[in-house]
Each structure stands twice: as C-alpha cells, then as structure tokens.
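Read the structure below first, then the notes.
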Amino acid sequence: MRSLFTSATASTVLLLAVSLANAQVRTWDEAYERATADLALLTQDEKVGMVTGVTWEGGPCVGNTYAPESIPYPSLCLQDGPLSIRFANPVTVFPAGINAGATWDRDLIRARGAAMSAEAKALGVNVQLGPGCGALGKIPSAGRNWEGFSNDPYLAGVATAEAIEGMQSSGVQACAKHYILNEQEHNRETISSVADDRTMHELYLWPFYNAVRANVASIMCSYNKVNGSWACENDGILNDLLKGQLGFKGYVLSDWNAQHSTVESANTGLDMTMPGSDFNSPPGSIYWGDNLAAAITNGSVAQERLDDMVTRILASWYLVGQDQGHPPVAFNSWNGGAASVNATTPAHGDISRAVARDSIILLKNTNHSLPLGEPASLAIIGSDAIVNPDGANACVDRGCNVGTLAQGWGSGTAEFPYLVAPLDAIEEKLAGAGTNIITSTTDDAPAGAEAAAAAETAIVFITSDSGEGYITVEDHVGDRNHLDPWHNGNALVQAVAQTNTPTIVVVHSVGPIILETILAEPNVIGIVWAGLPGQESGHALVDVLFGEFSPSGKLPYTIGKSEEDYGTTWTTELSDTFPEGLFIDYRYFDQSGIAPRYEFGFGLSYTTFNYSILAISLSATPGPTTGEIVVGGASDLFEPIGTISAYVANSGNVPGAEIAQLYIGYPETAPSTPPKQLRGFDKFSLVPGESGIAIFELTRRDISYWDVEAQKWVVPSGAFQVYVGSSSRDIRLTGSFVI
Ligand code: BGC
C-alpha cells in the first residue's frame with residue numbers, strides 16, 4: 001500500500017525491525033560450492049548417516065541425523081512445528097497458520113516467522129517443520145487445515161513465502177509441508193489422492209511454487225499416495241514436478257514413517273528419511289542406513305544419487321548460515337523439554353498478540369453494538385472463556401478441547417508458557433470500571449441463561465476443534481465429524497439469547513462452523529471470529545472488543561450455510577479422485593451459484609472504506625512461458641506484468657485497516673476456469689479521512705492457467721475481468737483488460 005500520508009504505527013516499526021534483522025546469508029550457488037567441497041571429504045558411511053534419521057526418540061529432537069566426523073557438521077535437529085517449537089519450554093506460542101492467513105498482513109506473517117525461528121535457533125533447532133501449505137484445505141472439516149494459511153492458493157502462497165523468508169532470515173531451515181494432496185486425516189497413511197494435472201498446478205502445487213521461490217531449504221513429502229504411488233517414492237511429484245518444473249534445490253525429507261522402500265524412494269527423489277526407523281512394518285525396520293549402502297553397492301541406487309542427497313542437505317545448511325556458530329541443541333523433547341536457554345522476548349509476545357488481534361474477524365455487528373463501552377453488567381459464558389482448570393498444557397499435544405481453545409491438536413502444537421484467557425483479560429480491562437461481571441464458565445445452557453438474564457450484555461464463547469489423526473478427541477479422529485460448534489454451542493447461544501439479553505458470540509475455531517442456528521436468534525447482535533489465537537488470546541480479543549483497535553481480519557475461507565454447500569468432505573474410501581477439480585471453497589460457491597453465509601475475504605470493521613479510481617496498467621505476451629527453469633519455476637513465470645491500483649479512503653470515524661482484494665476472471669480461451677480468483681491484496685491502516693492507493697503487482701503466473709497439452713503455464717488471449725473490493729463478493733470496482 002502506498003499511503004498518501006504516512007501513518008506507520010509504533011508496532012509496525014517494531015515488527016519491521018524484527019523481521020528485517022538478518023537476511024539469508026548465502027545464495028544457492030555459494031551454498032552448493034561449499035557443499036560440493038565438503039562432499040569430497042566424506043566417507044560413504046558418513047554420507048548414509050547424514051540422510052538417515054537416528055530413529056524415533058534416538059536424539060533430543062523429533063528428528064535427528066548422524067553427525068559425520070570428517071567435516072564440522074552436526075547431528076541435524078529437526079523439530080516441529082508451524083506455530084512454535086514443540087516439546088520445548090519456554091517458547092512463545094504464536095497464533096496458528098490460519099490466523100496468520102486471516103491477517104492478510106505480509107509484514108506480520110514474516111515477523112511471526114522470524115520471531116518463532118529466532119527462538120528455534122536459540123534452542124539449537126536446525127530445521128523447523130513448517131510452514132504448512134498442504135493440506136491446502138479443500139475439505140472444510142479436514143483436521144489439519146488450521147496449520148496452513150488459507151485454502152486459496154494465492155493467499156496461501158504469499159503467506160508461505162513470507163513465513164519461510166522470515167524463518168530463514170533467523171538462521172533456521174524452514175520445511176514446507178506436506179507434499180502433496182494430503183487433504184484429510186482419515187486413512188492418511190493409506191489413501192491415494194488423484195488430482196488432474198491442471199488442478200494439481202493451479203491449486204495444490206501453487207503455494208509450493210512460492211515456497212521454492214522463497215528458497216525453502218526443505219520440503220516434507222506426505223503420508224498419502226499420489227496417483228497410487230507413495231508421496232515419498234513418487235517420481236512424478238518429486239523428480240518431475242518439484243525438482244524439475246519448480247527447480248527445487250533443497251532436500252525432500254519424509255514425513256515420520258512415510259517412507260516405504262529403500263531403492264524406490266532413493267531413485268524417485270527422497271533425500272532424507274525421518275525418523276529413520278519405521279514404526280510399523282515391522283517396527284524398527286530401517287529402509288536406509290545400511291540398506292541404502294547395500295543398494296548402492298549392488299547397483300540398484302547410483303552413487304550419484306546419494307551424493308546428490310548429501311549435497312542438497314549440506315547446501316541447505318550453508319544457505320541459512322548454520323556453519324556460522326549455530327547453537328547446540330538446548331532441550332530434550334523426551335524429558336519435559338525444559339530448555340537451558342530462554343529465547344522468549346517481550347517483542348515476540350507483542351508479535352503473537354498483534355497477529356492474534358489482526359486475525360480477529362468481525363462477522364456481525366448489529367447497530368454498531370461493538371466496540372463495547374463499560375457496561376454496568378456483563379455476563380461471560382462458556383468453558384471457552386477460561387483456561388482448562390487442569391492447566392493450559394494438560395493434554396499431550398493439546399489433544400483435548402477443555403478450556404479456551406487457542407491451538408488445534410497434534411504435532412503442530414507447542415507448550416503454552418502462559419495462556420491469557422478471555423475472562424482474565426476482560427476482568428483486567430474492566431478493573432476499576434465498576435462493571436459487574438457475572439460468569440458461567442461451563443457450557444451448561446440453563447446456567448448460561450441464568451448468568452445472561454442478570455446482565456446488560458452477554459458474551460458467549462463457543463469452539464470447534466480438530467487436529468492430527470493420531471489423537472481422537474471427543475470422537476473426532478483428527479477431521480471434524482461436523483461443522484457445528486462443539487459442546488452444544490448452538491444450544492448454549494440459544495439459551496442465552498432467548499433471555500432477551502443482547503448477545504455477542506465469540507468463536508474459537510479451527511475453520512468454518514455453520515452459524516445458521518445462532519443467526520436465527522435476533523438477540524445475537526455480534527459475532528467475533530477469533531480462530532486459534534495462541535498465548536495472547538484474551539489480550540488480543542480485548543484489544544478489539546473494547547475498541548482499542550478496529551478489527552481488520554478477513555476470512556481465509558468461506559463460511560457456508562450448510563456443510564453440504566461446500567461440495568467436499570472427507571472420505572473413508574481408498575482413494576479420493578478430487579472430482580471437484582479447481583472448484584473448491586469460493587470457486588465452487590461462485591461457480592454453482594450458492595450463496596455463502598460469509599464469503600471468502602469477508603470481515604467488518606468499526607469504520608468504513610470507500611473505493612475509487614481503478615487503474616489498470618498491464619501488458620503481457622499471450623502464450624506459454626519460454627524461460628529456462630530457475631528456483632521457483634520457469635524464469636518468466638514470475639515476471640512482473642504491471643499493476644492494478646485503486647484508491648481506498650477511510651470514510652468512517654475511527655482509524656482502521658482495510659484489506660483491499662483483487663480478483664481476476666479469465667477469458668473463455670482458458671476453459672473451465674473459476675469465475676473469480678484472488679490475485680492480489682493490499683492492507684492499509686488509515687485514519688478517518690485518509691486515503692491510500694492499493695497497488696496490486698501482478699506477475700505472469702497471476703493471469704496464466706496450466707495447459708496440460710503444452711505442459712506449460714499459458715497466458716490466454718482475450719478479455720480478463722478485474723474485480724477490486726472488500727471481499728470476494730463485496731466488489732466495489734470493476735474493469736477489464738485485453739491480452
Ligand atoms: C506429522 C508431521 C510432523 C511429524 C514429526 C507427523 O506425524 O504429519 O507434520 O512434522 O509427525 O512430528
């Protein structure tokens with residue numbers, strides 16, 4: 001955004017200071033030069049040890065490799081995950097990926113990545129296992145969508161790149177995961193995902209392009225099969241797509257126990273096996289290690305392939321400068337994780353709070369009932385208002401939904417150093433205001449109604465949780481069984497609202513829930529979507545509820561009127577053929593003429609924004625890319641082709657931030673393309689009366705489709721439609737351009 005007046009806030013300056021500290025230290029060429037020199041010094045055993053994990057729980061981290069003696073290179077420490085550092089404390093717990101996505105804020109996403117990996121580095125982690133960008137999230141109930149940023153590939157792609165650049169700027173190798181088509185938890189270790197080539201490129205591979213282009217050091221291949229072959233021994237997706245079409249120079253590591261062979265996996269592009277030993281077949285069996293050495297001796301795997309694995313792994317280590325005094329591992333995952341250093345800082349807490357705050361999405365605000373003033377009495381209702389009475393970390397890997405929900409469950413979680421519950425923060429905020437706070441901190445509907453009846457206003461907290469399939473929570477095997485709020489949240493809200501007390505609903509959820517029952521209650525005057533906000537949950541909520549900040553988050557997915565409206569759900573079949581193709585989330589709603597409840601990109605503010613003066617200045621040659629493959633794909637794929645811009649003014653009475661969005665409709669020469677696709681966004685902070693210019697910088701990819709015949713990205717000729725607005729359906733300006 002180019003503001004017409006400068007209005008950078010103190011927090012923006014702070015975030016930029018954190019995010020811009022340390023740039024990545026080397027280029028791939030420099031890193032490869034060093035790696036190649038090292039390779040010559042290594043013995044065969046050392047090489048095999050560098051690509052093989054030391055077995056589960058064989059070292060302090062969730063993944064560890066053998067250290068060679070011939071070069072100063074360590075036993076690599078690989079540790080989850082995408083929102084913090086798992087099994088270690090103290091650490092800062094940041095909001096989940098889906099909340100980072102809901103901010104649509106490039107600087108914040110980068111700062112979150114930089115801060116979390118600064119802690120990882122201090123703890124001696126070499127490879128931090130995140131960000132997540134597959135599951136992309138085609139299935140609204142899928143268990144791990146919240147680890148990633150959005151089910152829109154463009155938003156997910158931008159966020160993935162920012163996260164990776166932030167993380168690697170702190171000297172830690174990022175790991176984009178899970179590659180690829182890992183869209184559900186049910187049968188995740190057996191299912192075969194079959195997506196057509198165009199869908200693969202335009203949806204699921206799209207954010208991985210951004211990851212590779214952002215110089216991601218490593219990519220984790222997933223548990224599932226792709227077109228019938230395991231993702232970790234699949235020549236098509238590893239050698240052809242990732243290392244071929246995308247020009248990936250880092251290394252592919254297996255998800256934990258996702259390797260199924262010695263020779264196949266080596267020859268099809270796997271570069272590191274994790275955790276080294278297999279959990280199942282039979283337990284303790286090792287595919288690489290001595291077996292890989294034997295396969296090279298008998299000629300089934302070429303020596304060059306092992307050398308390539310090692311070179312990629314070494315180069316990635318040099319790329320982020322881990323040869324320059326990277327700290328030793330300072331915690332042990334298997335003994336409680338107490339770290340010998342404390343890398344948390346107040347600034348990291350501020351970033352966690354800023355992401356949580358900026359990801360809050362205001363869905364409903366009848367008659368400007370929010371922000372709240374200082375009511376004479378306020379009822380706080382629901383078990384989600386308080387911390388789990390047994391402690392915020394009472395359940396392993398957050399595998400329960402008790403107390404306020406601030407992370408999902410599974411390997412992508414971490415131990416809260418503290419968790420600010422909504423009730424605590426509200427009490428703190430209203431201390432001295434004379435407000436009578438009446439609480440009912442269970443999900444019991446009659447008790448909630450009693451509290452509400454005694455108050456001027458009620459806030460009801462409801463949840464919906466999900467996670468990774470190795471833990472089942474309240475009958476949800478990772479994926480959600482339904483999109484309703486848990487713990488009879490609908491009945492709780494109904495009981496409260498039917499007391500005639502004006503009711504605000506706060507939702508902590510992993511993804512969409514169906515809100516129709518709640519919206520049918522006329523006394524529900526506000527709905528505040530807070531997602532999975534991490535340790536600063538209550539503070540961030542209070543910042544918005546009481547008007548210190550205007551809400552600015554926008555939905556990174558669609559909220560439908562029913563689960564059926566999405567057209568996708570998880571399956572118990574042996575394969576998922578991805579019959580919906582390109583039409584997921586808003587692409588499907590738009591194509592099928594289904595009205596969502598709250599559309600993709602939607603979010604209210606305490607102020608209003610006026611859009612004007614659309615300007616389009618683009619030129620591109622139609623046809624396929626012609627450039628050679630560089631890191632991230634054909635060299636001309638990301639070539640700038642011009643800009644689209646629009647004026648945005650704060651036309652209301654309070655400062656606020658707007659996320660202006662650009663959607664593009666393709667000409668019919670690109671057959672069967674979704675009616676509108678996100679291809680740009682720009683976030684503004686504007687004071688009342690202030691204007692800024694939203695500038696959407698487009699690249700060739702943004703107006704291309706994947707031509708399966710040509711096997712290239714192609715810019716179609718014809719008239720493209722331009723839609724600029726405040727959401728995918730609140731379009732304020734339209735135009736077109738012809739290629
Ligand atoms: C998950 C990965 C995780 C790994 C190591 C697997 O179960 O799918 O995302 O990084 O475990 O904990």
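Ligands are numbered from 1 in the order shown, residues from 1 within each chain, and chains are lettered A, B, ... in the order they appear in the structure tokens.
Selecting all polymer residues at most 6 Å from ligand 1, using only C-alpha atoms and all ligand atoms, gives Val62, Asp80, Leu129, Asp255, Trp256 and Ser411 of chain A.
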Hey, can you spit out that residue selection with N, CA and C atoms as a PDB file, in the first residue's frame?
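What follows is the written file out-v1.pdb:
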ATOM      1  N   VAL A  62      12.599 -34.251  17.451  1.00  0.00           N
ATOM      2  CA  VAL A  62      11.702 -35.267  16.873  1.00  0.00           C
ATOM      3  C   VAL A  62      12.364 -35.954  15.685  1.00  0.00           C
ATOM      4  N   ASP A  80       9.267 -29.930  15.159  1.00  0.00           N
ATOM      5  CA  ASP A  80       8.014 -29.240  14.868  1.00  0.00           C
ATOM      6  C   ASP A  80       8.044 -27.895  15.581  1.00  0.00           C
ATOM      7  N   LEU A 129       9.889 -27.573  11.366  1.00  0.00           N
ATOM      8  CA  LEU A 129       8.996 -28.288  10.453  1.00  0.00           C
ATOM      9  C   LEU A 129       7.710 -27.500  10.194  1.00  0.00           C
ATOM     10  N   ASP A 255       7.831 -37.489   5.728  1.00  0.00           N
ATOM     11  CA  ASP A 255       7.065 -37.384   6.961  1.00  0.00           C
ATOM     12  C   ASP A 255       7.434 -38.599   7.808  1.00  0.00           C
ATOM     13  N   TRP A 256       7.124 -38.537   9.079  1.00  0.00           N
ATOM     14  CA  TRP A 256       7.588 -39.548  10.025  1.00  0.00           C
ATOM     15  C   TRP A 256       6.920 -40.896   9.727  1.00  0.00           C
ATOM     16  N   SER A 411       0.944 -32.687  16.119  1.00  0.00           N
ATOM     17  CA  SER A 411       2.372 -32.358  16.143  1.00  0.00           C
ATOM     18  C   SER A 411       2.627 -30.871  15.906  1.00  0.00           C
TER      19      SER A 411
END
_Please identify the strand (DSSP E) residues within stretch 409-512 of chain A (assignment by DSSP from backbone atoms) and present them as a PyMOL selection string._
chain A and resi 436-440+457-464+503-509
*asked:* Please list as a list in words every residue within 6 Å of stretch 381-395 of chain A, counting only C-alpha atoms and excluding residues in the same chain fewer than 4 positions away.
replied: Gly399, Cys400, Val402, Gly403, Thr404, Glu415, Ala421, Pro422, Leu423, Thr439, Ser440, Thr441, Thr442, Asp443, Gly448, Val460 and Phe461 of chain A
For the selection just defined, write its residues with N, CA and C atoms to a file, as a compact mmCIF listing (two decimals), in the first residue's frame.
# COMPACT_ATOMS: atom_id res chain seq x y z
N GLY A 399 -4.29 -32.35 22.87
CA GLY A 399 -5.31 -33.29 22.40
C GLY A 399 -6.53 -33.36 23.28
N CYS A 400 -7.15 -32.25 23.55
CA CYS A 400 -8.47 -32.20 24.19
C CYS A 400 -9.03 -30.81 23.93
N VAL A 402 -10.74 -28.62 26.16
CA VAL A 402 -11.20 -28.23 27.50
C VAL A 402 -10.61 -26.85 27.79
N GLY A 403 -11.48 -25.93 28.16
CA GLY A 403 -10.98 -24.57 28.39
C GLY A 403 -10.79 -23.85 27.08
N THR A 404 -10.27 -22.64 27.16
CA THR A 404 -10.25 -21.81 25.95
C THR A 404 -9.37 -22.43 24.87
N GLU A 415 3.92 -26.07 23.83
CA GLU A 415 3.51 -25.89 25.23
C GLU A 415 3.33 -24.40 25.49
N ALA A 421 -6.56 -16.11 29.12
CA ALA A 421 -7.93 -16.49 28.80
C ALA A 421 -8.78 -15.24 28.58
N PRO A 422 -9.83 -15.35 27.79
CA PRO A 422 -10.69 -14.19 27.57
C PRO A 422 -11.22 -13.59 28.88
N LEU A 423 -11.68 -14.43 29.80
CA LEU A 423 -12.25 -13.87 31.04
C LEU A 423 -11.21 -13.06 31.81
N THR A 439 -20.31 -14.60 35.74
CA THR A 439 -19.71 -15.65 34.92
C THR A 439 -20.48 -16.97 35.02
N SER A 440 -20.43 -17.69 33.93
CA SER A 440 -20.88 -19.08 33.91
C SER A 440 -19.90 -19.80 33.01
N THR A 441 -18.88 -20.40 33.59
CA THR A 441 -17.77 -20.89 32.78
C THR A 441 -17.86 -22.39 32.52
N THR A 442 -19.07 -22.87 32.31
CA THR A 442 -19.27 -24.20 31.75
C THR A 442 -20.09 -24.00 30.48
N ASP A 443 -20.40 -25.11 29.81
CA ASP A 443 -21.23 -24.99 28.61
C ASP A 443 -22.68 -25.37 28.90
N GLY A 448 -25.91 -20.80 31.76
CA GLY A 448 -25.56 -19.66 30.91
C GLY A 448 -26.70 -18.67 30.83
N VAL A 460 -20.91 -14.94 24.77
CA VAL A 460 -20.88 -16.40 24.82
C VAL A 460 -19.70 -16.88 24.00
N PHE A 461 -18.95 -17.80 24.56
CA PHE A 461 -17.77 -18.34 23.89
C PHE A 461 -18.05 -19.76 23.43
Could you build a table of the residues in stretch 137-176 of chain A lying no more than 8 Å from stretch 106-120 of chain A, giving for each the nearest pair of atoms and their separation in Å rounded to one decimal place, using only C-alpha atoms, ordered by chain and ascending residue number, as a tab-separated table?
residue	atom	partner	partner_atom	distance
A:Val158	CA	A:Arg106	CA	7.7
A:Ala159	CA	A:Ile109	CA	6.5
A:Glu162	CA	A:Arg110	CA	4.8
A:Ala163	CA	A:Gly113	CA	4.8
A:Ile164	CA	A:Gly113	CA	6.8
A:Glu165	CA	A:Arg110	CA	6.8
A:Gly166	CA	A:Ala114	CA	4.1
A:Met167	CA	A:Ala114	CA	4.5
A:Gln168	CA	A:Ala114	CA	7.3
A:Ser169	CA	A:Ala114	CA	6.4
A:Ser170	CA	A:Ala118	CA	5.2
A:Gly171	CA	A:Ser117	CA	7.5
A:Val172	CA	A:Ser117	CA	6.1
Determine which residues of stretch 77-140 of chain A receive a DSSP assignment of helix (DSSP H, G or I), computed from the backbone, and state them as a short mmCIF file (atom, residue, chain, number, x, y, z; two decimals) with all heavy atoms, in the first residue's frame.
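New file states.cif:
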data_model
loop_
_atom_site.label_atom_id
_atom_site.label_comp_id
_atom_site.auth_asym_id
_atom_site.auth_seq_id
_atom_site.Cartn_x
_atom_site.Cartn_y
_atom_site.Cartn_z
N GLY A 97 -1.39 -20.98 11.87
CA GLY A 97 -1.25 -20.52 10.49
C GLY A 97 -2.53 -19.89 9.95
O GLY A 97 -2.49 -18.86 9.27
N ILE A 98 -3.65 -20.50 10.29
CA ILE A 98 -4.91 -19.99 9.71
C ILE A 98 -5.19 -18.58 10.21
O ILE A 98 -5.77 -17.75 9.48
CB ILE A 98 -6.08 -20.96 10.00
CG1 ILE A 98 -7.26 -20.70 9.06
CG2 ILE A 98 -6.51 -20.94 11.45
CD1 ILE A 98 -7.03 -21.06 7.63
N ASN A 99 -4.76 -18.27 11.43
CA ASN A 99 -4.91 -16.90 11.92
C ASN A 99 -3.92 -15.97 11.21
O ASN A 99 -4.27 -14.84 10.86
CB ASN A 99 -4.68 -16.84 13.43
CG ASN A 99 -5.89 -17.29 14.20
OD1 ASN A 99 -6.33 -18.43 14.04
ND2 ASN A 99 -6.47 -16.41 15.00
N ALA A 100 -2.71 -16.45 11.01
CA ALA A 100 -1.74 -15.62 10.28
C ALA A 100 -2.32 -15.30 8.90
O ALA A 100 -2.24 -14.16 8.42
CB ALA A 100 -0.41 -16.35 10.17
N GLY A 101 -2.94 -16.32 8.27
CA GLY A 101 -3.57 -16.08 6.97
C GLY A 101 -4.68 -15.07 7.05
O GLY A 101 -4.86 -14.23 6.17
N ALA A 102 -5.45 -15.11 8.16
CA ALA A 102 -6.60 -14.21 8.30
C ALA A 102 -6.19 -12.75 8.48
O ALA A 102 -7.01 -11.86 8.35
CB ALA A 102 -7.46 -14.66 9.48
N THR A 103 -4.90 -12.51 8.80
CA THR A 103 -4.44 -11.11 8.88
C THR A 103 -4.20 -10.53 7.49
O THR A 103 -4.19 -9.32 7.33
CB THR A 103 -3.11 -10.96 9.65
OG1 THR A 103 -2.05 -11.55 8.88
CG2 THR A 103 -3.17 -11.57 11.04
N ARG A 106 1.38 -9.19 5.19
CA ARG A 106 2.68 -9.75 4.81
C ARG A 106 3.73 -9.52 5.89
O ARG A 106 4.49 -10.41 6.24
CB ARG A 106 3.14 -9.16 3.49
CG ARG A 106 2.29 -9.57 2.30
CD ARG A 106 2.72 -8.79 1.05
NE ARG A 106 2.10 -9.29 -0.16
CZ ARG A 106 0.90 -8.91 -0.59
NH1 ARG A 106 0.18 -8.03 0.07
NH2 ARG A 106 0.41 -9.41 -1.73
N ASP A 107 3.78 -8.28 6.40
CA ASP A 107 4.82 -7.94 7.39
C ASP A 107 4.64 -8.75 8.67
O ASP A 107 5.60 -9.23 9.27
CB ASP A 107 4.77 -6.45 7.74
CG ASP A 107 5.17 -5.59 6.55
OD1 ASP A 107 5.83 -6.11 5.64
OD2 ASP A 107 4.80 -4.40 6.54
N LEU A 108 3.38 -8.89 9.09
CA LEU A 108 3.14 -9.65 10.33
C LEU A 108 3.47 -11.13 10.16
O LEU A 108 4.02 -11.75 11.07
CB LEU A 108 1.66 -9.53 10.73
CG LEU A 108 1.27 -8.47 11.74
CD1 LEU A 108 -0.23 -8.53 12.00
CD2 LEU A 108 2.03 -8.66 13.05
N ILE A 109 3.13 -11.66 9.02
CA ILE A 109 3.39 -13.09 8.79
C ILE A 109 4.91 -13.33 8.77
O ILE A 109 5.42 -14.29 9.35
CB ILE A 109 2.73 -13.57 7.49
CG1 ILE A 109 1.20 -13.46 7.62
CG2 ILE A 109 3.14 -15.00 7.15
CD1 ILE A 109 0.44 -13.66 6.33
N ARG A 110 5.61 -12.42 8.17
CA ARG A 110 7.07 -12.53 8.12
C ARG A 110 7.67 -12.37 9.52
O ARG A 110 8.54 -13.12 9.94
CB ARG A 110 7.62 -11.46 7.18
CG ARG A 110 9.12 -11.42 7.09
CD ARG A 110 9.55 -10.36 6.11
NE ARG A 110 9.34 -10.79 4.75
CZ ARG A 110 10.31 -11.10 3.90
NH1 ARG A 110 11.56 -10.99 4.26
NH2 ARG A 110 10.03 -11.50 2.68
N ALA A 111 7.15 -11.39 10.25
CA ALA A 111 7.66 -11.15 11.60
C ALA A 111 7.39 -12.35 12.51
O ALA A 111 8.22 -12.72 13.33
CB ALA A 111 7.02 -9.89 12.19
N ARG A 112 6.21 -12.95 12.36
CA ARG A 112 5.88 -14.16 13.13
C ARG A 112 6.90 -15.25 12.83
O ARG A 112 7.41 -15.93 13.73
CB ARG A 112 4.46 -14.59 12.77
CG ARG A 112 4.00 -15.95 13.31
CD ARG A 112 2.57 -16.20 12.82
NE ARG A 112 2.07 -17.52 13.11
CZ ARG A 112 2.26 -18.60 12.33
NH1 ARG A 112 3.00 -18.50 11.24
NH2 ARG A 112 1.73 -19.75 12.66
N GLY A 113 7.20 -15.44 11.54
CA GLY A 113 8.16 -16.47 11.15
C GLY A 113 9.55 -16.18 11.72
O GLY A 113 10.22 -17.07 12.26
N ALA A 114 9.96 -14.93 11.61
CA ALA A 114 11.30 -14.56 12.08
C ALA A 114 11.41 -14.74 13.58
O ALA A 114 12.41 -15.26 14.09
CB ALA A 114 11.60 -13.11 11.70
N ALA A 115 10.37 -14.34 14.31
CA ALA A 115 10.42 -14.43 15.77
C ALA A 115 10.42 -15.89 16.22
O ALA A 115 11.19 -16.30 17.09
CB ALA A 115 9.22 -13.69 16.36
N MET A 116 9.57 -16.70 15.60
CA MET A 116 9.48 -18.08 16.05
C MET A 116 10.77 -18.83 15.72
O MET A 116 11.25 -19.63 16.53
CB MET A 116 8.19 -18.67 15.50
CG MET A 116 8.17 -19.78 14.62
SD MET A 116 6.41 -20.01 14.15
CE MET A 116 6.66 -20.35 12.45
N SER A 117 11.39 -18.51 14.62
CA SER A 117 12.63 -19.20 14.30
C SER A 117 13.83 -18.61 15.04
O SER A 117 14.85 -19.29 15.20
CB SER A 117 12.87 -19.20 12.79
OG SER A 117 11.93 -20.06 12.18
N ALA A 118 13.72 -17.38 15.50
CA ALA A 118 14.78 -16.86 16.37
C ALA A 118 14.83 -17.71 17.64
O ALA A 118 15.90 -18.05 18.14
CB ALA A 118 14.53 -15.39 16.72
N GLU A 119 13.66 -18.09 18.14
CA GLU A 119 13.62 -18.96 19.32
C GLU A 119 14.12 -20.36 18.97
O GLU A 119 14.88 -20.98 19.72
CB GLU A 119 12.19 -19.01 19.89
CG GLU A 119 11.76 -17.66 20.44
CD GLU A 119 10.40 -17.67 21.14
OE1 GLU A 119 9.87 -18.75 21.45
OE2 GLU A 119 9.88 -16.55 21.37
N ALA A 120 13.71 -20.85 17.80
CA ALA A 120 14.17 -22.18 17.38
C ALA A 120 15.69 -22.21 17.28
O ALA A 120 16.34 -23.15 17.73
CB ALA A 120 13.53 -22.55 16.04
N LYS A 121 16.25 -21.15 16.72
CA LYS A 121 17.71 -21.12 16.58
C LYS A 121 18.38 -21.14 17.95
O LYS A 121 19.32 -21.90 18.19
CB LYS A 121 18.14 -19.88 15.80
CG LYS A 121 19.66 -19.76 15.73
CD LYS A 121 20.13 -18.65 14.83
CE LYS A 121 21.66 -18.59 14.88
NZ LYS A 121 22.20 -17.57 14.00
N ALA A 122 17.89 -20.31 18.85
CA ALA A 122 18.50 -20.26 20.18
C ALA A 122 18.44 -21.62 20.87
O ALA A 122 19.31 -21.96 21.66
CB ALA A 122 17.80 -19.21 21.04
#
*Pick the closest to A:Asn257 from A:Trp56, A:Tyr598, A:Phe546, A:Trp409: which is it, counting only C-alpha atoms?*
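Among A:Trp56, A:Tyr598, A:Phe546, A:Trp409, it is A:Trp56 that comes nearest to A:Asn257.
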*Give me the residues within 9 Å of A:Val125 as a ChimeraX atom specification, counting only C-alpha atoms and dropping any in the same chain fewer than 2 places off.*
/A:61,76-79,85,117,119-123,127-128,172-173,326-330
Just the selected residues (C-alpha atoms), exported as a PDB file, in the first residue's frame, please.
ATOM      1  CA  CYS A  61      14.624 -33.599  18.675  1.00  0.00           C
ATOM      2  CA  LEU A  76      20.831 -32.218  12.500  1.00  0.00           C
ATOM      3  CA  CYS A  77      17.952 -31.295  14.836  1.00  0.00           C
ATOM      4  CA  LEU A  78      14.543 -31.311  13.137  1.00  0.00           C
ATOM      5  CA  GLN A  79      11.678 -30.083  15.286  1.00  0.00           C
ATOM      6  CA  ILE A  85       8.714 -25.141  18.873  1.00  0.00           C
ATOM      7  CA  SER A 117      12.631 -19.204  14.299  1.00  0.00           C
ATOM      8  CA  GLU A 119      13.617 -18.961  19.317  1.00  0.00           C
ATOM      9  CA  ALA A 120      14.166 -22.181  17.379  1.00  0.00           C
ATOM     10  CA  LYS A 121      17.713 -21.116  16.582  1.00  0.00           C
ATOM     11  CA  ALA A 122      18.495 -20.258  20.185  1.00  0.00           C
ATOM     12  CA  LEU A 123      17.287 -23.741  21.129  1.00  0.00           C
ATOM     13  CA  VAL A 127      15.113 -27.447  10.692  1.00  0.00           C
ATOM     14  CA  GLN A 128      11.774 -26.131  11.885  1.00  0.00           C
ATOM     15  CA  VAL A 172      16.748 -21.771  10.649  1.00  0.00           C
ATOM     16  CA  GLN A 173      15.873 -24.039   7.736  1.00  0.00           C
ATOM     17  CA  HIS A 326      24.614 -22.266  15.168  1.00  0.00           C
ATOM     18  CA  PRO A 327      23.891 -23.032  18.841  1.00  0.00           C
ATOM     19  CA  PRO A 328      23.834 -26.604  20.168  1.00  0.00           C
ATOM     20  CA  VAL A 329      20.505 -28.247  21.000  1.00  0.00           C
ATOM     21  CA  ALA A 330      19.341 -26.803  24.323  1.00  0.00           C
TER      22      ALA A 330
END
